[in-house]
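Novice: Here you go, query_13.pdb (PDB, C-alpha atoms):
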```
ATOM      1  CA  GLU F   1      73.215 110.073 112.560  1.00  0.00           C
ATOM      2  CA  ASP F   2      75.097 106.968 111.416  1.00  0.00           C
ATOM      3  CA  LYS F   3      76.533 104.875 114.232  1.00  0.00           C
ATOM      4  CA  VAL F   4      79.063 102.027 114.317  1.00  0.00           C
ATOM      5  CA  VAL F   5      79.852 100.256 117.599  1.00  0.00           C
ATOM      6  CA  GLN F   6      82.616  97.719 118.153  1.00  0.00           C
ATOM      7  CA  SER F   7      83.119  95.297 121.004  1.00  0.00           C
ATOM      8  CA  PRO F   8      85.031  94.423 122.986  1.00  0.00           C
ATOM      9  CA  LEU F   9      87.069  97.583 123.470  1.00  0.00           C
ATOM     10  CA  SER F  10      90.187  95.528 124.068  1.00  0.00           C
ATOM     11  CA  LEU F  11      91.220  91.916 124.267  1.00  0.00           C
ATOM     12  CA  VAL F  12      94.300  90.077 125.499  1.00  0.00           C
ATOM     13  CA  VAL F  13      94.846  86.497 124.317  1.00  0.00           C
ATOM     14  CA  HIS F  14      97.696  84.013 123.986  1.00  0.00           C
ATOM     15  CA  GLU F  15      99.191  82.792 120.750  1.00  0.00           C
ATOM     16  CA  GLY F  16      97.095  80.036 119.240  1.00  0.00           C
ATOM     17  CA  ASP F  17      93.797  81.311 120.646  1.00  0.00           C
ATOM     18  CA  THR F  18      90.813  82.124 118.428  1.00  0.00           C
ATOM     19  CA  VAL F  19      89.186  85.546 118.765  1.00  0.00           C
ATOM     20  CA  THR F  20      85.905  87.032 117.584  1.00  0.00           C
ATOM     21  CA  LEU F  21      85.515  90.776 117.183  1.00  0.00           C
ATOM     22  CA  ASN F  22      82.086  92.344 116.881  1.00  0.00           C
ATOM     23  CA  CYS F  23      80.709  95.281 114.947  1.00  0.00           C
ATOM     24  CA  SER F  24      77.123  96.530 115.015  1.00  0.00           C
ATOM     25  CA  TYR F  25      75.745  99.446 113.053  1.00  0.00           C
ATOM     26  CA  GLU F  26      72.787 101.742 112.582  1.00  0.00           C
ATOM     27  CA  VAL F  27      73.046 103.673 109.336  1.00  0.00           C
ATOM     28  CA  THR F  28      70.876 105.061 106.572  1.00  0.00           C
ATOM     29  CA  ASN F  29      71.434 103.764 103.044  1.00  0.00           C
ATOM     30  CA  PHE F  30      73.930 100.987 103.822  1.00  0.00           C
ATOM     31  CA  ARG F  31      76.288 100.182 100.954  1.00  0.00           C
ATOM     32  CA  SER F  32      79.175  98.163 102.414  1.00  0.00           C
ATOM     33  CA  LEU F  33      80.960  97.201 105.631  1.00  0.00           C
ATOM     34  CA  LEU F  34      84.734  97.197 105.804  1.00  0.00           C
ATOM     35  CA  TRP F  35      87.307  95.842 108.222  1.00  0.00           C
ATOM     36  CA  TYR F  36      90.726  97.427 108.652  1.00  0.00           C
ATOM     37  CA  LYS F  37      93.799  96.585 110.713  1.00  0.00           C
ATOM     38  CA  GLN F  38      95.768  99.455 112.253  1.00  0.00           C
ATOM     39  CA  GLU F  39      99.177  98.861 113.721  1.00  0.00           C
ATOM     40  CA  LYS F  40     101.362 101.876 114.317  1.00  0.00           C
ATOM     41  CA  LYS F  41     100.390 103.890 111.302  1.00  0.00           C
ATOM     42  CA  ALA F  42      97.669 103.946 108.661  1.00  0.00           C
ATOM     43  CA  PRO F  43      94.740 101.521 108.616  1.00  0.00           C
ATOM     44  CA  THR F  44      95.199  98.712 106.105  1.00  0.00           C
ATOM     45  CA  PHE F  45      92.266  97.086 104.335  1.00  0.00           C
ATOM     46  CA  LEU F  46      91.189  93.556 105.297  1.00  0.00           C
ATOM     47  CA  PHE F  47      87.680  92.853 103.974  1.00  0.00           C
ATOM     48  CA  MET F  48      84.711  94.410 102.262  1.00  0.00           C
ATOM     49  CA  LEU F  49      81.272  92.901 102.808  1.00  0.00           C
ATOM     50  CA  THR F  50      78.067  93.819 101.061  1.00  0.00           C
ATOM     51  CA  SER F  51      75.952  90.657 101.084  1.00  0.00           C
ATOM     52  CA  SER F  52      74.495  88.888 104.089  1.00  0.00           C
ATOM     53  CA  GLY F  53      75.702  85.438 105.006  1.00  0.00           C
ATOM     54  CA  ILE F  54      78.646  85.242 102.626  1.00  0.00           C
ATOM     55  CA  GLU F  55      81.908  84.634 104.463  1.00  0.00           C
ATOM     56  CA  LYS F  56      85.032  86.406 103.303  1.00  0.00           C
ATOM     57  CA  LYS F  57      88.250  84.595 104.136  1.00  0.00           C
ATOM     58  CA  SER F  58      91.927  85.430 103.983  1.00  0.00           C
ATOM     59  CA  GLY F  59      94.265  82.951 105.624  1.00  0.00           C
ATOM     60  CA  ARG F  60      93.440  82.831 109.341  1.00  0.00           C
ATOM     61  CA  LEU F  61      91.054  85.784 109.142  1.00  0.00           C
ATOM     62  CA  SER F  62      87.421  85.562 108.156  1.00  0.00           C
ATOM     63  CA  SER F  63      84.412  87.841 108.341  1.00  0.00           C
ATOM     64  CA  ILE F  64      80.688  87.632 107.846  1.00  0.00           C
ATOM     65  CA  LEU F  65      77.868  90.150 107.642  1.00  0.00           C
ATOM     66  CA  ASP F  66      74.285  89.879 108.894  1.00  0.00           C
ATOM     67  CA  LYS F  67      72.261  92.644 107.265  1.00  0.00           C
ATOM     68  CA  LYS F  68      69.057  91.677 109.024  1.00  0.00           C
ATOM     69  CA  GLU F  69      70.553  91.972 112.512  1.00  0.00           C
ATOM     70  CA  LEU F  70      72.923  94.775 111.442  1.00  0.00           C
ATOM     71  CA  PHE F  71      76.212  93.329 112.581  1.00  0.00           C
ATOM     72  CA  SER F  72      79.421  91.763 111.410  1.00  0.00           C
ATOM     73  CA  ILE F  73      82.072  89.624 113.062  1.00  0.00           C
ATOM     74  CA  LEU F  74      85.757  89.254 112.357  1.00  0.00           C
ATOM     75  CA  ASN F  75      87.316  85.938 113.374  1.00  0.00           C
ATOM     76  CA  ILE F  76      91.014  85.302 113.769  1.00  0.00           C
ATOM     77  CA  THR F  77      92.085  81.698 114.328  1.00  0.00           C
ATOM     78  CA  ALA F  78      95.457  80.481 115.633  1.00  0.00           C
ATOM     79  CA  THR F  79      96.429  84.016 116.632  1.00  0.00           C
ATOM     80  CA  GLN F  80     100.044  85.144 116.361  1.00  0.00           C
ATOM     81  CA  THR F  81     101.873  88.050 118.017  1.00  0.00           C
ATOM     82  CA  GLY F  82     101.833  89.795 114.621  1.00  0.00           C
ATOM     83  CA  ASP F  83      98.041  89.996 114.869  1.00  0.00           C
ATOM     84  CA  SER F  84      98.390  92.516 117.705  1.00  0.00           C
ATOM     85  CA  ALA F  85      96.759  95.699 116.422  1.00  0.00           C
ATOM     86  CA  VAL F  86      93.629  97.806 116.554  1.00  0.00           C
ATOM     87  CA  TYR F  87      90.904  96.364 114.338  1.00  0.00           C
ATOM     88  CA  LEU F  88      88.525  98.909 112.862  1.00  0.00           C
ATOM     89  CA  CYS F  89      85.083  98.344 111.447  1.00  0.00           C
ATOM     90  CA  ALA F  90      83.660 100.963 109.080  1.00  0.00           C
ATOM     91  CA  VAL F  91      80.353 101.276 107.272  1.00  0.00           C
ATOM     92  CA  TYR F  92      79.959 103.044 103.940  1.00  0.00           C
ATOM     93  CA  ALA F  93      76.474 104.555 103.864  1.00  0.00           C
ATOM     94  CA  GLY F  94      75.241 107.203 101.467  1.00  0.00           C
ATOM     95  CA  ASN F  95      78.528 108.791 100.497  1.00  0.00           C
ATOM     96  CA  MET F  96      80.266 108.642 103.862  1.00  0.00           C
ATOM     97  CA  LEU F  97      82.475 106.143 105.645  1.00  0.00           C
ATOM     98  CA  THR F  98      81.835 105.986 109.402  1.00  0.00           C
ATOM     99  CA  PHE F  99      84.248 104.154 111.683  1.00  0.00           C
ATOM    100  CA  GLY F 100      83.667 102.368 114.940  1.00  0.00           C
ATOM    101  CA  GLY F 101      85.943 103.022 117.887  1.00  0.00           C
ATOM    102  CA  GLY F 102      88.049  99.927 117.231  1.00  0.00           C
ATOM    103  CA  THR F 103      89.026  96.818 119.194  1.00  0.00           C
ATOM    104  CA  ARG F 104      92.567  96.702 120.524  1.00  0.00           C
ATOM    105  CA  LEU F 105      93.889  93.127 120.326  1.00  0.00           C
ATOM    106  CA  MET F 106      97.043  92.071 122.124  1.00  0.00           C
ATOM    107  CA  VAL F 107      98.405  88.592 121.465  1.00  0.00           C
ATOM    108  CA  LYS F 108     100.918  87.373 124.056  1.00  0.00           C
ATOM    109  CA  PRO F 109     103.554  84.762 123.220  1.00  0.00           C
TER     110      PRO F 109
ATOM    111  CA  GLU M   1     103.571 101.745  93.532  1.00  0.00           C
ATOM    112  CA  ALA M   2      99.920 102.652  94.197  1.00  0.00           C
ATOM    113  CA  GLN M   3      99.833 105.002  97.135  1.00  0.00           C
ATOM    114  CA  VAL M   4      98.432 108.015  98.939  1.00  0.00           C
ATOM    115  CA  THR M   5     101.135 110.486  99.914  1.00  0.00           C
ATOM    116  CA  GLN M   6     100.700 113.052 102.672  1.00  0.00           C
ATOM    117  CA  ASN M   7     103.075 115.774 103.670  1.00  0.00           C
ATOM    118  CA  PRO M   8     104.388 116.689 106.116  1.00  0.00           C
ATOM    119  CA  ARG M   9     104.481 113.611 108.364  1.00  0.00           C
ATOM    120  CA  TYR M  10     104.961 115.704 111.501  1.00  0.00           C
ATOM    121  CA  LEU M  11     104.174 119.359 112.108  1.00  0.00           C
ATOM    122  CA  ILE M  12     104.324 121.586 115.149  1.00  0.00           C
ATOM    123  CA  THR M  13     102.823 125.033 114.707  1.00  0.00           C
ATOM    124  CA  VAL M  14     101.480 127.950 116.710  1.00  0.00           C
ATOM    125  CA  THR M  15      97.878 129.007 117.173  1.00  0.00           C
ATOM    126  CA  GLY M  16      96.573 131.112 114.308  1.00  0.00           C
ATOM    127  CA  LYS M  17      99.309 130.393 111.766  1.00  0.00           C
ATOM    128  CA  LYS M  18      97.712 129.124 108.545  1.00  0.00           C
ATOM    129  CA  LEU M  19      98.901 125.743 107.339  1.00  0.00           C
ATOM    130  CA  THR M  20      98.237 123.267 104.554  1.00  0.00           C
ATOM    131  CA  VAL M  21      98.632 119.504 104.649  1.00  0.00           C
ATOM    132  CA  THR M  22      99.030 118.099 101.154  1.00  0.00           C
ATOM    133  CA  CYS M  23      97.615 114.828  99.899  1.00  0.00           C
ATOM    134  CA  SER M  24      98.215 113.202  96.551  1.00  0.00           C
ATOM    135  CA  GLN M  25      97.159 109.818  95.100  1.00  0.00           C
ATOM    136  CA  ASN M  26      98.443 108.055  91.994  1.00  0.00           C
ATOM    137  CA  MET M  27      95.591 105.590  91.490  1.00  0.00           C
ATOM    138  CA  ASN M  28      93.262 107.847  89.481  1.00  0.00           C
ATOM    139  CA  HIS M  29      90.678 107.548  92.259  1.00  0.00           C
ATOM    140  CA  GLU M  30      87.501 109.638  92.115  1.00  0.00           C
ATOM    141  CA  TYR M  31      86.891 109.681  95.878  1.00  0.00           C
ATOM    142  CA  MET M  32      89.154 111.329  98.436  1.00  0.00           C
ATOM    143  CA  SER M  33      88.641 112.036 102.095  1.00  0.00           C
ATOM    144  CA  TRP M  34      90.261 113.510 105.203  1.00  0.00           C
ATOM    145  CA  TYR M  35      89.997 111.990 108.683  1.00  0.00           C
ATOM    146  CA  ARG M  36      91.283 112.917 112.086  1.00  0.00           C
ATOM    147  CA  GLN M  37      92.028 110.316 114.723  1.00  0.00           C
ATOM    148  CA  ASP M  38      91.919 111.124 118.425  1.00  0.00           C
ATOM    149  CA  PRO M  39      92.247 108.802 121.431  1.00  0.00           C
ATOM    150  CA  GLY M  40      88.833 107.635 122.587  1.00  0.00           C
ATOM    151  CA  LEU M  41      87.074 109.209 119.593  1.00  0.00           C
ATOM    152  CA  GLY M  42      88.346 107.012 116.766  1.00  0.00           C
ATOM    153  CA  LEU M  43      88.536 108.126 113.142  1.00  0.00           C
ATOM    154  CA  ARG M  44      86.185 110.943 112.230  1.00  0.00           C
ATOM    155  CA  GLN M  45      85.598 112.261 108.733  1.00  0.00           C
ATOM    156  CA  ILE M  46      86.396 115.943 108.152  1.00  0.00           C
ATOM    157  CA  TYR M  47      85.642 116.438 104.454  1.00  0.00           C
ATOM    158  CA  TYR M  48      85.253 114.230 101.435  1.00  0.00           C
ATOM    159  CA  SER M  49      85.249 114.684  97.683  1.00  0.00           C
ATOM    160  CA  MET M  50      83.604 112.550  95.020  1.00  0.00           C
ATOM    161  CA  ASN M  51      85.233 114.249  92.064  1.00  0.00           C
ATOM    162  CA  VAL M  52      87.051 117.355  90.903  1.00  0.00           C
ATOM    163  CA  GLU M  53      85.357 120.502  92.254  1.00  0.00           C
ATOM    164  CA  VAL M  54      82.905 118.361  94.299  1.00  0.00           C
ATOM    165  CA  THR M  55      83.461 118.470  98.055  1.00  0.00           C
ATOM    166  CA  ASP M  56      81.215 117.945 101.054  1.00  0.00           C
ATOM    167  CA  LYS M  57      81.391 118.170 104.825  1.00  0.00           C
ATOM    168  CA  GLY M  58      81.946 115.134 106.991  1.00  0.00           C
ATOM    169  CA  ASP M  59      81.249 114.853 110.698  1.00  0.00           C
ATOM    170  CA  VAL M  60      83.770 117.421 111.976  1.00  0.00           C
ATOM    171  CA  PRO M  61      84.377 120.099 109.304  1.00  0.00           C
ATOM    172  CA  GLU M  62      84.626 123.171 111.570  1.00  0.00           C
ATOM    173  CA  GLY M  63      87.952 124.956 111.288  1.00  0.00           C
ATOM    174  CA  TYR M  64      89.001 123.159 108.104  1.00  0.00           C
ATOM    175  CA  LYS M  65      88.837 123.848 104.386  1.00  0.00           C
ATOM    176  CA  VAL M  66      89.596 121.637 101.401  1.00  0.00           C
ATOM    177  CA  SER M  67      89.845 122.027  97.661  1.00  0.00           C
ATOM    178  CA  ARG M  68      89.821 119.563  94.774  1.00  0.00           C
ATOM    179  CA  LYS M  69      91.096 121.366  91.708  1.00  0.00           C
ATOM    180  CA  GLU M  70      92.722 118.257  90.228  1.00  0.00           C
ATOM    181  CA  LYS M  71      91.828 114.612  90.592  1.00  0.00           C
ATOM    182  CA  ARG M  72      95.065 113.553  92.256  1.00  0.00           C
ATOM    183  CA  ASN M  73      95.332 116.269  94.936  1.00  0.00           C
ATOM    184  CA  PHE M  74      93.174 117.035  97.949  1.00  0.00           C
ATOM    185  CA  PRO M  75      94.869 119.485 100.349  1.00  0.00           C
ATOM    186  CA  LEU M  76      93.571 120.167 103.857  1.00  0.00           C
ATOM    187  CA  ILE M  77      93.788 123.804 104.942  1.00  0.00           C
ATOM    188  CA  LEU M  78      93.671 125.105 108.491  1.00  0.00           C
ATOM    189  CA  GLU M  79      93.200 128.864 108.172  1.00  0.00           C
ATOM    190  CA  SER M  80      93.647 129.610 111.888  1.00  0.00           C
ATOM    191  CA  PRO M  81      94.716 126.465 113.748  1.00  0.00           C
ATOM    192  CA  SER M  82      93.800 126.061 117.404  1.00  0.00           C
ATOM    193  CA  PRO M  83      95.090 123.607 120.040  1.00  0.00           C
ATOM    194  CA  ASN M  84      91.936 121.466 119.745  1.00  0.00           C
ATOM    195  CA  GLN M  85      93.026 120.637 116.201  1.00  0.00           C
ATOM    196  CA  THR M  86      96.056 118.799 117.557  1.00  0.00           C
ATOM    197  CA  SER M  87      95.502 115.316 116.147  1.00  0.00           C
ATOM    198  CA  LEU M  88      96.639 112.579 113.771  1.00  0.00           C
ATOM    199  CA  TYR M  89      95.304 113.273 110.277  1.00  0.00           C
ATOM    200  CA  PHE M  90      94.801 110.755 107.497  1.00  0.00           C
ATOM    201  CA  CYS M  91      94.066 111.340 103.853  1.00  0.00           C
ATOM    202  CA  ALA M  92      92.446 108.472 101.955  1.00  0.00           C
ATOM    203  CA  SER M  93      91.284 107.703  98.437  1.00  0.00           C
ATOM    204  CA  SER M  94      88.956 105.213  96.789  1.00  0.00           C
ATOM    205  CA  SER M  95      87.787 104.292  93.316  1.00  0.00           C
ATOM    206  CA  THR M  96      84.150 103.971  94.371  1.00  0.00           C
ATOM    207  CA  GLY M  97      83.852 104.518  98.130  1.00  0.00           C
ATOM    208  CA  VAL M  98      81.974 101.227  98.480  1.00  0.00           C
ATOM    209  CA  HIS M  99      85.164  99.174  98.111  1.00  0.00           C
ATOM    210  CA  GLY M 100      86.960 100.973 100.887  1.00  0.00           C
ATOM    211  CA  TYR M 101      89.655 103.575 101.054  1.00  0.00           C
ATOM    212  CA  THR M 102      93.441 103.416 100.817  1.00  0.00           C
ATOM    213  CA  PHE M 103      95.016 105.518 103.538  1.00  0.00           C
ATOM    214  CA  GLY M 104      98.076 107.724 103.555  1.00  0.00           C
ATOM    215  CA  SER M 105     100.702 107.351 106.292  1.00  0.00           C
ATOM    216  CA  GLY M 106      99.276 110.128 108.424  1.00  0.00           C
ATOM    217  CA  THR M 107     100.278 113.612 109.569  1.00  0.00           C
ATOM    218  CA  ARG M 108     100.765 114.218 113.255  1.00  0.00           C
ATOM    219  CA  LEU M 109      99.872 117.853 113.913  1.00  0.00           C
ATOM    220  CA  THR M 110     100.524 119.673 117.161  1.00  0.00           C
ATOM    221  CA  VAL M 111      99.172 123.201 117.645  1.00  0.00           C
ATOM    222  CA  VAL M 112     100.650 125.082 120.607  1.00  0.00           C
TER     223      VAL M 112
END
```
For this file, produce the structure as structure tokens.
Specialist:
Amino acid sequence: EDKVVQSPLSLVVHEGDTVTLNCSYEVTNFRSLLWYKQEKKAPTFLFMLTSSGIEKKSGRLSSILDKKELFSILNITATQTGDSAVYLCAVYAGNMLTFGGGTRLMVKP
Amino acid sequence: EAQVTQNPRYLITVTGKKLTVTCSQNMNHEYMSWYRQDPGLGLRQIYYSMNVEVTDKGDVPEGYKVSRKEKRNFPLILESPSPNQTSLYFCASSSTGVHGYTFGSGTRLTVV
């Protein structure tokens, strides 16, 4: 059975801090790893990673995948209160997308 | 605007009364999927479809049915809803699956 585990479960930081969110996986027939941000409603897409060692970057957010060690990290620098959300990691393997339990990030002013 | 549209957004129903949650996408996506989200359990896949008339079970298919008669629509059917199906449901679509899914706004279902 495919498994995706995220850590930490939750995190409280102050504006301006840098955070690192972790995602490890055990799946059969890996095809891609995706990061989503979920605020009050539907998850919104952040990154897709398929190749090891290549960093994806979007503004203050960046992510990298290690296919040998089976994990990915999502970094957020200079956090803002608008970054408060649940961050979801998902792995597309075979024909199914399996989600981790999420990391709840709260950024205090 | 490219989007996935689910209806209704909120629904309260009674045990055993058949219901359908509709899902439609306007992006000509091949792949569509249904998820439920529960506190402490995260997002779990119910059913997915890779094309018209092609559907397959996800992790938690019991008590649900789907159909994919046209590319744009992928309704979720609960023939005899029970209280343990109270949840937040998301429909999602993707061009390839690999590149991730676009999610609808969600349907909050309560079965009493």
Novice: Suppose you want the space between CA of Ser94 (chain M) and CA of Lys3 (chain F); what is it in Å?
Specialist: 21.4 Å
Novice: Any idea which chain M residues end up within 6 Å of chain F if we count only C-alpha atoms, as number ranges by chain please?
Specialist: M: 42, 98, 103, 105
Novice: Pick the closest to Tyr31 (chain M) from M:Thr110, M:Gln85, M:Asn7, M:Thr96: which is it, counting all atoms listed in the file?
Specialist: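 The answer is M:Thr96, which sits nearest to Tyr31 (chain M).
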Novice: Could you name the residues that touch region 49-63 of chain M at 7 Å or less, counting only C-alpha atoms, but leaving out those on the same chain fewer than 6 positions away, as a list of chain:residue names?
Specialist: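 My reading of the contact set: M:Glu30, M:Tyr31, M:Met32, M:Ser33, M:Lys69, M:Glu70, M:Lys71, M:Leu78.
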Novice: Run the PyMOL selection byres ((chain M and resi 11) around 8) against the file shown and list the residues it catches, as an MDAnalysis selection string.
Specialist: chainID M and resid 8:10 12:13 107:110
Novice: Between CA of Pro8 (chain F) and CA of Thr86 (chain M), what is the spacing in Å?
Specialist: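 Answer for the CA of Thr86 (chain M) to CA of Pro8 (chain F) separation: 27.3 Å.
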Novice: Pick from F:Thr103, F:Thr79, F:Ser62, F:Gln38: nearest to Leu21 (chain F), with all atoms listed in the file counted?
Specialist: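 Under the stated criterion, the closest residue is F:Thr103.
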Novice: List every protein, DNA or RNA residue that has an atom no more than 9 Å from (78.3, 90.9, 109.1) in the file's coordinate frame, counting all atoms listed in the file, and report them as a list of chain:residue names.
Specialist: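 The residues that fall inside the cut-off are F:Asn22, F:Cys23, F:Ser24, F:Leu33, F:Leu49, F:Thr50, F:Ser51, F:Ser52, F:Gly53, F:Ile54, F:Glu55, F:Ser63, F:Ile64, F:Leu65, F:Asp66, F:Lys67, F:Glu69, F:Leu70, F:Phe71, F:Ser72, F:Ile73, F:Leu74.
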Novice: Generate a file of the selected residues that holds C-alpha atoms, formatted as a CSV table (one decimal), keeping the file's coordinate frame.
Specialist:
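result-v8.csv, written as the output of this step:
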```
chain,number,residue,atom,x,y,z
F,22,ASN,CA,82.1,92.3,116.9
F,23,CYS,CA,80.7,95.3,114.9
F,24,SER,CA,77.1,96.5,115.0
F,33,LEU,CA,81.0,97.2,105.6
F,49,LEU,CA,81.3,92.9,102.8
F,50,THR,CA,78.1,93.8,101.1
F,51,SER,CA,76.0,90.7,101.1
F,52,SER,CA,74.5,88.9,104.1
F,53,GLY,CA,75.7,85.4,105.0
F,54,ILE,CA,78.6,85.2,102.6
F,55,GLU,CA,81.9,84.6,104.5
F,63,SER,CA,84.4,87.8,108.3
F,64,ILE,CA,80.7,87.6,107.8
F,65,LEU,CA,77.9,90.2,107.6
F,66,ASP,CA,74.3,89.9,108.9
F,67,LYS,CA,72.3,92.6,107.3
F,69,GLU,CA,70.6,92.0,112.5
F,70,LEU,CA,72.9,94.8,111.4
F,71,PHE,CA,76.2,93.3,112.6
F,72,SER,CA,79.4,91.8,111.4
F,73,ILE,CA,82.1,89.6,113.1
F,74,LEU,CA,85.8,89.3,112.4
```
Novice: By how many Å are CA of Arg72 (chain M) and CA of His29 (chain M) apart?
Specialist: 7.4 Å
Novice: Select all residues near (92.4, 88.8, 126.4) (cut-off 9 Å, inclusive, file coordinates), counting all atoms listed in the file, and output them as a PyMOL selection string.
Specialist: chain F and resi 10-14+19+105-108
Novice: Have a look at F:Lys68, F:Val5, F:Glu39, F:Tyr25 and name the one nearest to Thr81 (chain F); count only C-alpha atoms.
Specialist: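 Checking each candidate against Thr81 (chain F), we get F:Glu39 as the closest.
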Novice: Please list as a PyMOL selection string every residue within 8 Å of Trp34 (chain M), counting all atoms listed in the file and excluding residues in the same chain fewer than 6 positions away.
Specialist: chain M and resi 45-48+76+89-92
